[in-house]
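*Asks:* Have a look at this one.
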Amino acid sequence: MSNPVTLNAPSMVAYTPAETIELVSRAGARKGRTRPDKTFLGAVSAGCMLSLAAGGSLLVSAIPWYIENAPGIVKMLSAIIFPVALVLIMLTGAELFTGSTMITGVAVLHRRLPIQNMLLHWLLCFWGNFAGCLFVMSIFMGYGGIFDHEPYRGQVIAFVTAKQLDPQWHQIFIRAIGCNWLVCLGIFMGMQGKDVVSKVTGMYMPIFIFVMLGFDHVAANMFFIPLGIWLGTPGLSIGLYIWKGMIPAAVGNMIGGTVFCAGYYYYMYLHAEADIALDGTYYATQARLEEGTMSTSTLQGGQNGEMSGNTTSVDLKSGQN
């Protein structure tokens, strides 16, 4: 008789919503205490990857016949390409300003991170994203001449005009709230998965929707709008971008991330609830491991002792024990 196969069922299912927001809280506590130089460099990396995906989404949408006759298909093509940005950022551990509003926001609400650490993290991520976007926009897209010729130049100018010049201040602000609600949902769903395919699928869907709807993402606009300025979009200036683009998009994104995601999920699953274990480990134990006050051998010994007398059943459909 062949040897029996042991199936590790928990690794095949996703985290529950409660477990996921606990994971977000732990990530926020850790990220909020990361060395400032590492946070800033991670944000620069995120800005670069975001800009590369944003450039690809602009190129694929520059199809004159479809722009005139089937604009929805053009948006769909852009929406297929752009989510690659969040996939690259999340899988490489880079720092995105919009996502940090939810991740560190939950940690603050959970009293695992001081508010000053959160604000510093936001500041470093914001300017790091901006530096990365400007680097890719100027060096690779600008001096590289990617958008110098038609129809690509005209598509950038038309896109930036519709994105920055046509809407009013309050419209950009409202769209930015919806944008980061969806972006943080993508991050939440990405963290909920336990394997790469599940993570990518979870991240992809909300970002696809936000691009289709034309919502405003402050970090993505750090690439789009400066590129429009570089190419000489009529009526567009740095001052106009800061006042009408950067400020309402940033404030709206912060509200979308902190209120609609961090606040909601914290209240639903963490507020006034018992501590949640992730893969059998509670936050206090995890924190002691990271601080070096507890060894992994001690933890494993305790877990083996507990597991020897208990049998856990797993619901493969819900992921709940």
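Labeling convention for the structure tokens: chains A, B, ... as they appear, residues from 1 per chain, ligands from 1 in order of appearance.
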Find the residues around segment 174-177 of chain A up to 9 Å (only C-alpha atoms counted), leave out those fewer than 4 positions away in its own chain, and share them as a list in words.

*Replies:*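 The residues that qualify are Trp169, His170, Trp181, Leu182, Leu213, Gly214, Phe215, Asp216, His217, Val218, Pro248, Ala249, Ala250, Val251, Gly252, Asn253, Met254, Ile255, Gly256, Gly257 and Phe260 of chain A.
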
*Asks:* Using only C-alpha atoms, which residues sit within 10 Å of segment 46-58 of chain A once same-chain residues fewer than 3 positions away are excluded, as a ChimeraX atom specification?

*Replies:* /A:40-43,61-62,74-90,92-97,125-137,140-141,146-147,152-153,155-156,159,211,219-224,227

*Asks:* So what do you get for atom CA of Gly32 of chain A versus atom CA of Val44 of chain A, distance-wise?

*Replies:* 16.6 Å

*Asks:* What does the distance between atom CA of Val200 of chain A and atom CA of Val183 of chain A come to in Å, to one decimal place?

*Replies:*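 Atom CA of Val183 of chain A lies 13.2 Å from atom CA of Val200 of chain A.
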
*Asks:* Between A:Arg111, A:Cys261, A:Gly228, A:Ala14, single out the one closest to Lys199 of chain A, counting only C-alpha atoms.

*Replies:* A:Ala14

*Asks:* Given only C-alpha atoms as the basis, pick out the residue of A:Thr39, A:Thr20, A:Thr34, A:Gln286 nearest to Ile187 of chain A.

*Replies:*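 Looking only at the distances to Ile187 of chain A, the closest residue turns out to be A:Thr20.
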
*Asks:* Could you pull the residues within 10 Å of Arg30 of chain A, counting only C-alpha atoms, minus those fewer than 2 positions along the same chain, as a ChimeraX atom specification?

*Replies:* /A:24-28,32-34,103-104,107,112-113,287,290

*Asks:* Mind dumping the selected residues with C-alpha atoms as a CSV table (one decimal), in the first residue's frame?

*Replies:*
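Listing of part.csv after writing:
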```csv
chain,number,residue,atom,x,y,z
A,24,VAL,CA,-3.7,44.5,7.1
A,25,SER,CA,-3.4,45.8,10.7
A,26,ARG,CA,-0.2,43.8,11.2
A,27,ALA,CA,1.2,45.0,7.9
A,28,GLY,CA,0.4,48.6,8.8
A,32,GLY,CA,4.7,52.4,9.9
A,33,ARG,CA,7.8,51.5,11.8
A,34,THR,CA,10.0,50.9,8.7
A,103,ILE,CA,-3.0,49.8,5.7
A,104,THR,CA,-1.5,52.2,8.2
A,107,ALA,CA,-3.1,49.9,12.4
A,112,ARG,CA,-0.8,49.3,17.0
A,113,LEU,CA,0.7,52.4,15.4
A,287,ALA,CA,5.5,41.0,17.6
A,290,GLU,CA,10.0,40.2,15.2
```

*Asks:* Can you pull out every residue within 8 Å of segment 233-239 of chain A, counting only C-alpha atoms, but drop anything in the same chain fewer than 4 positions away, and send it as an mmCIF file with N, CA, C and O atoms, in the first residue's frame?

*Replies:*
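Generated output (out28.cif):
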```
data_model
loop_
_atom_site.group_PDB
_atom_site.id
_atom_site.type_symbol
_atom_site.label_atom_id
_atom_site.label_comp_id
_atom_site.auth_asym_id
_atom_site.auth_seq_id
_atom_site.Cartn_x
_atom_site.Cartn_y
_atom_site.Cartn_z
ATOM 1 N N ILE A 157 -2.540 64.178 -25.026
ATOM 2 C CA ILE A 157 -3.110 65.522 -24.847
ATOM 3 C C ILE A 157 -4.618 65.444 -24.640
ATOM 4 O O ILE A 157 -5.183 66.118 -23.759
ATOM 5 N N VAL A 160 -5.262 63.882 -21.086
ATOM 6 C CA VAL A 160 -4.960 64.808 -19.989
ATOM 7 C C VAL A 160 -5.965 65.952 -19.953
ATOM 8 O O VAL A 160 -6.366 66.411 -18.873
ATOM 9 N N THR A 161 -6.403 66.408 -21.113
ATOM 10 C CA THR A 161 -7.425 67.460 -21.156
ATOM 11 C C THR A 161 -8.714 66.991 -20.499
ATOM 12 O O THR A 161 -9.328 67.703 -19.699
ATOM 13 N N LEU A 165 -8.388 69.240 -17.295
ATOM 14 C CA LEU A 165 -8.931 70.542 -17.650
ATOM 15 C C LEU A 165 -10.458 70.576 -17.663
ATOM 16 O O LEU A 165 -11.065 71.560 -17.229
ATOM 17 N N PRO A 226 1.980 65.371 -15.495
ATOM 18 C CA PRO A 226 3.282 65.892 -15.912
ATOM 19 C C PRO A 226 3.653 65.513 -17.347
ATOM 20 O O PRO A 226 4.303 66.294 -18.046
ATOM 21 N N GLY A 228 1.493 65.255 -19.761
ATOM 22 C CA GLY A 228 0.740 66.224 -20.561
ATOM 23 C C GLY A 228 1.406 67.578 -20.584
ATOM 24 O O GLY A 228 1.422 68.262 -21.621
ATOM 25 N N ILE A 229 1.966 68.003 -19.454
ATOM 26 C CA ILE A 229 2.705 69.272 -19.403
ATOM 27 C C ILE A 229 3.950 69.184 -20.280
ATOM 28 O O ILE A 229 4.283 70.124 -21.023
ATOM 29 N N TRP A 243 -3.220 72.691 -7.862
ATOM 30 C CA TRP A 243 -4.458 73.135 -7.224
ATOM 31 C C TRP A 243 -5.660 72.279 -7.607
ATOM 32 O O TRP A 243 -6.439 71.859 -6.747
#
```
